[in-house]
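Have a look at my_file25.cif below; it lists mmCIF, C-alpha atoms.
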data_query
loop_
_atom_site.group_PDB
_atom_site.id
_atom_site.type_symbol
_atom_site.label_atom_id
_atom_site.label_comp_id
_atom_site.auth_asym_id
_atom_site.auth_seq_id
_atom_site.Cartn_x
_atom_site.Cartn_y
_atom_site.Cartn_z
ATOM 1 C CA PHE A 1 155.820 147.801 188.201
ATOM 2 C CA SER A 2 153.212 145.313 189.279
ATOM 3 C CA PHE A 3 150.297 144.014 187.209
ATOM 4 C CA PRO A 4 147.618 141.299 187.471
ATOM 5 C CA LEU A 5 148.923 137.735 187.231
ATOM 6 C CA ASP A 6 146.651 136.876 184.298
ATOM 7 C CA TRP A 7 148.019 139.691 182.117
ATOM 8 C CA VAL A 8 150.337 138.816 179.230
ATOM 9 C CA VAL A 9 153.817 140.393 179.236
ATOM 10 C CA THR A 10 155.425 141.607 176.005
ATOM 11 C CA LEU A 11 159.164 142.352 175.961
ATOM 12 C CA PRO A 12 161.233 144.226 173.377
ATOM 13 C CA SER A 13 162.141 142.162 170.323
ATOM 14 C CA GLN A 14 165.653 141.960 168.929
ATOM 15 C CA ASP A 15 166.758 141.133 165.418
ATOM 16 C CA VAL A 16 169.586 142.040 163.038
ATOM 17 C CA ASN A 17 168.265 145.607 162.898
ATOM 18 C CA GLY A 18 168.523 146.081 166.673
ATOM 19 C CA GLU A 19 165.937 146.329 169.416
ATOM 20 C CA ASP A 20 162.310 147.322 168.904
ATOM 21 C CA GLY A 21 159.484 147.896 171.369
ATOM 22 C CA THR A 22 159.214 148.271 175.098
ATOM 23 C CA ILE A 23 158.012 146.388 178.164
ATOM 24 C CA GLN A 24 154.237 146.045 178.224
ATOM 25 C CA ALA A 25 151.664 144.004 180.137
ATOM 26 C CA GLY A 26 148.008 143.714 179.316
ATOM 27 C CA GLU A 27 144.739 141.933 179.071
ATOM 28 C CA TYR A 28 144.701 142.684 175.370
ATOM 29 C CA ALA A 29 141.316 141.121 174.538
ATOM 30 C CA LYS A 30 139.642 143.634 176.856
ATOM 31 C CA GLY A 31 141.843 146.573 175.837
ATOM 32 C CA ASP A 32 143.654 146.998 179.176
ATOM 33 C CA THR A 33 147.375 147.744 178.948
ATOM 34 C CA ALA A 34 150.304 149.096 180.945
ATOM 35 C CA THR A 35 153.408 150.210 179.061
ATOM 36 C CA PHE A 36 156.847 151.428 180.162
ATOM 37 C CA PHE A 37 158.332 154.193 178.009
ATOM 38 C CA VAL A 38 161.583 156.169 178.013
ATOM 39 C CA VAL A 39 161.084 159.595 176.449
ATOM 40 C CA PRO A 40 163.603 159.827 173.571
ATOM 41 C CA ASP A 41 166.118 162.676 173.449
ATOM 42 C CA GLU A 42 164.934 164.063 176.773
ATOM 43 C CA LYS A 43 167.577 165.015 179.341
ATOM 44 C CA LYS A 44 167.129 164.739 183.087
ATOM 45 C CA ALA A 45 164.434 167.034 184.463
ATOM 46 C CA GLU A 46 165.753 168.457 187.715
ATOM 47 C CA ASN A 47 162.206 168.709 189.072
ATOM 48 C CA ILE A 48 159.731 166.686 187.019
ATOM 49 C CA GLN A 49 156.892 168.026 189.151
ATOM 50 C CA GLU A 50 157.451 171.545 187.787
ATOM 51 C CA LYS A 51 157.526 170.657 184.073
ATOM 52 C CA GLY A 52 153.857 171.385 183.390
ATOM 53 C CA LYS A 53 150.971 169.848 181.483
ATOM 54 C CA GLU A 54 152.377 170.543 178.011
ATOM 55 C CA PHE A 55 155.523 168.563 178.835
ATOM 56 C CA TYR A 56 153.451 165.675 180.246
ATOM 57 C CA LYS A 57 151.163 165.778 177.219
ATOM 58 C CA ASN A 58 154.078 165.574 174.765
ATOM 59 C CA ALA A 59 155.693 162.716 176.724
ATOM 60 C CA LEU A 60 152.448 160.721 176.790
ATOM 61 C CA ILE A 61 151.683 161.348 173.123
ATOM 62 C CA GLY A 62 155.168 160.031 172.347
ATOM 63 C CA ALA A 63 154.386 156.931 174.391
ATOM 64 C CA ILE A 64 150.980 156.148 172.864
ATOM 65 C CA SER A 65 152.058 156.941 169.306
ATOM 66 C CA GLN A 66 155.087 154.640 169.059
ATOM 67 C CA LYS A 67 153.493 152.933 166.044
ATOM 68 C CA GLY A 68 152.846 156.263 164.298
ATOM 69 C CA ASN A 69 151.132 159.605 164.703
ATOM 70 C CA ASN A 70 147.912 158.498 163.043
ATOM 71 C CA VAL A 71 146.809 156.088 165.810
ATOM 72 C CA TYR A 72 145.125 158.602 168.110
ATOM 73 C CA GLN A 73 143.169 161.854 168.186
ATOM 74 C CA ASP A 74 141.648 164.204 170.781
ATOM 75 C CA PHE A 75 144.370 163.627 173.392
ATOM 76 C CA LYS A 76 143.692 165.550 176.603
ATOM 77 C CA ILE A 77 145.310 165.776 180.034
ATOM 78 C CA ILE A 78 142.547 165.711 182.641
ATOM 79 C CA LYS A 79 144.689 166.408 185.715
ATOM 80 C CA SER A 80 148.188 166.031 187.093
ATOM 81 C CA GLU A 81 149.264 165.454 190.680
ATOM 82 C CA PRO A 82 152.792 165.558 192.133
ATOM 83 C CA VAL A 83 153.745 162.595 194.339
ATOM 84 C CA THR A 84 156.963 161.821 196.209
ATOM 85 C CA THR A 85 157.656 158.138 196.892
ATOM 86 C CA ASP A 86 160.804 156.670 198.424
ATOM 87 C CA GLY A 87 162.383 160.127 198.118
ATOM 88 C CA ASN A 88 161.842 160.246 194.332
ATOM 89 C CA LYS A 89 159.545 162.668 192.537
ATOM 90 C CA TYR A 90 156.744 161.431 190.273
ATOM 91 C CA VAL A 91 153.758 163.045 188.603
ATOM 92 C CA LEU A 92 150.499 161.116 188.267
ATOM 93 C CA VAL A 93 148.653 162.190 185.132
ATOM 94 C CA ASP A 94 145.060 161.343 184.193
ATOM 95 C CA PHE A 95 144.386 161.489 180.445
ATOM 96 C CA LYS A 96 141.998 160.457 177.688
ATOM 97 C CA TYR A 97 142.209 160.032 173.922
ATOM 98 C CA THR A 98 140.536 158.351 170.988
ATOM 99 C CA LEU A 99 142.370 155.358 169.518
ATOM 100 C CA LEU A 100 142.112 154.986 165.734
ATOM 101 C CA THR A 101 142.258 151.278 164.929
ATOM 102 C CA GLY A 102 143.648 149.747 161.764
ATOM 103 C CA ALA A 103 140.125 148.511 160.967
ATOM 104 C CA GLY A 104 138.800 152.082 160.912
ATOM 105 C CA PHE A 105 137.108 152.120 164.321
ATOM 106 C CA GLU A 106 137.438 154.873 166.905
ATOM 107 C CA VAL A 107 137.777 153.708 170.513
ATOM 108 C CA GLU A 108 137.606 156.147 173.414
ATOM 109 C CA ARG A 109 140.256 155.356 176.033
ATOM 110 C CA LYS A 110 141.053 156.688 179.483
ATOM 111 C CA GLY A 111 144.175 156.169 181.497
ATOM 112 C CA VAL A 112 146.633 157.237 184.117
ATOM 113 C CA ALA A 113 150.411 157.563 183.997
ATOM 114 C CA SER A 114 153.313 157.980 186.379
ATOM 115 C CA ILE A 115 156.145 160.165 185.053
ATOM 116 C CA THR A 116 159.569 160.553 186.644
ATOM 117 C CA SER A 117 163.096 161.615 185.766
ATOM 118 C CA GLN A 118 165.894 159.395 187.015
ATOM 119 C CA GLY A 119 169.452 159.224 185.743
ATOM 120 C CA ASP A 120 169.912 161.037 182.435
ATOM 121 C CA GLY A 121 166.340 160.847 181.121
ATOM 122 C CA VAL A 122 162.591 160.879 181.609
ATOM 123 C CA GLN A 123 160.677 157.641 182.142
ATOM 124 C CA LEU A 124 156.986 156.882 182.414
ATOM 125 C CA LEU A 125 154.539 154.070 182.889
ATOM 126 C CA TRP A 126 151.125 154.580 181.341
ATOM 127 C CA ALA A 127 148.085 152.368 181.739
ATOM 128 C CA ALA A 128 144.776 152.661 179.892
ATOM 129 C CA SER A 129 141.570 150.878 179.036
ATOM 130 C CA ILE A 130 138.504 151.566 176.946
ATOM 131 C CA ALA A 131 136.498 154.429 178.453
ATOM 132 C CA ALA A 132 133.374 152.287 178.930
ATOM 133 C CA ARG A 133 135.273 150.002 181.350
ATOM 134 C CA TYR A 134 137.412 152.652 183.040
ATOM 135 C CA LYS A 135 135.188 154.190 185.714
ATOM 136 C CA ASN A 136 133.448 151.063 187.009
ATOM 137 C CA LYS A 137 135.928 148.271 186.296
ATOM 138 C CA THR A 138 139.523 149.237 185.579
ATOM 139 C CA GLU A 139 140.320 152.644 187.087
ATOM 140 C CA GLY A 140 141.354 151.275 190.493
ATOM 141 C CA GLN A 141 143.421 148.496 188.952
ATOM 142 C CA LEU A 142 145.209 150.862 186.549
ATOM 143 C CA ARG A 143 145.915 153.331 189.371
ATOM 144 C CA ASN A 144 147.420 150.520 191.460
ATOM 145 C CA ILE A 145 149.650 149.571 188.530
ATOM 146 C CA VAL A 146 151.032 153.078 187.934
ATOM 147 C CA ASN A 147 151.361 153.702 191.676
ATOM 148 C CA SER A 148 153.613 150.621 191.860
ATOM 149 C CA PHE A 149 156.000 152.082 189.242
ATOM 150 C CA ARG A 150 159.494 152.773 190.563
ATOM 151 C CA CYS A 151 162.485 153.918 188.620
ATOM 152 C CA TYR A 152 165.996 154.217 190.104
ATOM 153 C CA SER A 153 169.400 155.267 188.856
ATOM 154 C CA ASP A 154 172.977 155.036 190.122
#
For the file at hand, write its structure as structure tokens.
Amino acid sequence: FSFPLDWVVTLPSQDVNGEDGTIQAGEYAKGDTATFFVVPDEKKAENIQEKGKEFYKNALIGAISQKGNNVYQDFKIIKSEPVTTDGNKYVLVDFKYTLLTGAGFEVERKGVASITSQGDGVQLLWAASIAARYKNKTEGQLRNIVNSFRCYSD
């Protein structure tokens, strides 16, 4: 996936306990992020475009709650749209949620994700920013990022 040149990239970390994390890029000071996620324990979806909003919701909640289930509330899928690119099926999903910060603040966030199923699993790229910046500043940029997401298998 592509992202702005001034964004910071974070890669998975490895230590004696194994690998932790995922690939992420962001302008963290402003709250803009894009994160790759492989849905755990999910087999290949023969047609990801027919899975439905509940499936997309569960996949995205899994992605945003990697640090624990108490980091968000009020998650909602706004819309989903099937897209076929380079012969592969994707679903673009608009969503919103409230982030619960460690300092006790609640931050409304909006985002968009691209979900696909290649190889033996389900993969997604989600991008979000604070809701106040989304409509006028970051929506187009975040859509460009998730539209650039490609996932291939053998």
Worksheet entry | Counting all atoms listed in the file, the residue of A:Ala103, A:Val39, A:Ala63, A:Leu142 that sits nearest A:Gln118 | A:Val39
Discussion item. Taking the file as I've supplied it (selection: the PyMOL selection byres ((chain A and resi 74-82) around 8)), which residues are included? Please answer as a ChimeraX atom specification.
Written reply: /A:49,53,57,61,72-73,83-84,89-98
Selection file, C-alpha atoms, as a short mmCIF file (atom, residue, chain, number, x, y, z; two decimals), in the frame of the given file:
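Once everything was written out, this is part-v9.cif:
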data_model
loop_
_atom_site.label_atom_id
_atom_site.label_comp_id
_atom_site.auth_asym_id
_atom_site.auth_seq_id
_atom_site.Cartn_x
_atom_site.Cartn_y
_atom_site.Cartn_z
CA GLN A 49 156.89 168.03 189.15
CA LYS A 53 150.97 169.85 181.48
CA LYS A 57 151.16 165.78 177.22
CA ILE A 61 151.68 161.35 173.12
CA TYR A 72 145.12 158.60 168.11
CA GLN A 73 143.17 161.85 168.19
CA VAL A 83 153.74 162.60 194.34
CA THR A 84 156.96 161.82 196.21
CA LYS A 89 159.54 162.67 192.54
CA TYR A 90 156.74 161.43 190.27
CA VAL A 91 153.76 163.04 188.60
CA LEU A 92 150.50 161.12 188.27
CA VAL A 93 148.65 162.19 185.13
CA ASP A 94 145.06 161.34 184.19
CA PHE A 95 144.39 161.49 180.44
CA LYS A 96 142.00 160.46 177.69
CA TYR A 97 142.21 160.03 173.92
CA THR A 98 140.54 158.35 170.99
#
Worksheet entry | A:Gln66, A:Gly121, A:Lys51, A:Thr116 ranked by distance to A:Gly87, top pick (using only C-alpha atoms) |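 Using only C-alpha atoms, the shortest distance to A:Gly87 belongs to A:Thr116.
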I'd like the neighbourhood of stretch 28-34 of chain A as a JSON list (two decimals) with C-alpha atoms, keeping the file's coordinate frame, where a residue qualifies if any of its atoms comes within 6 Å (using all atoms listed in the file), though same-chain residues fewer than 6 positions away should be ignored.
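Okay, this is what ended up in result.json:
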[["chain", "number", "residue", "atom", "x", "y", "z"],
["A", 126, "TRP", "CA", 151.12, 154.58, 181.34],
["A", 127, "ALA", "CA", 148.08, 152.37, 181.74],
["A", 128, "ALA", "CA", 144.78, 152.66, 179.89],
["A", 129, "SER", "CA", 141.57, 150.88, 179.04]]
Worksheet item: Excluding same-chain residues fewer than 5 positions from stretch 1-12 of chain A, what lies within 6 Å of it counting all atoms listed in the file, as a list in words?
Response: Asp20, Gly21, Thr22, Ile23, Gln24, Ala25, Gly26, Glu27, Ile145, Ser148 and Phe149 of chain A
Fill in: Residue members of the PyMOL selection byres ((chain A and resi 120) around 6) in the file shown, as an MDAnalysis selection string
chainID A and resid 43:44 119 121
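Residue nearest A:Ala113 within the list A:Cys151, A:Leu60, A:Ile130, A:Leu100: A:Leu60 [criterion: smallest interatomic distance, only C-alpha atoms].
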Enumerate, as a short mmCIF file (atom, residue, chain, number, x, y, z; two decimals) with C-alpha atoms, in the coordinates of the input, the residues matched when the PyMOL selection byres ((chain A and resi 36) around 6) is run on the file above.
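Produced file expr_21.cif, reproduced below:
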data_model
loop_
_atom_site.label_atom_id
_atom_site.label_comp_id
_atom_site.auth_asym_id
_atom_site.auth_seq_id
_atom_site.Cartn_x
_atom_site.Cartn_y
_atom_site.Cartn_z
CA ILE A 23 158.01 146.39 178.16
CA THR A 35 153.41 150.21 179.06
CA PHE A 37 158.33 154.19 178.01
CA LEU A 124 156.99 156.88 182.41
CA LEU A 125 154.54 154.07 182.89
#
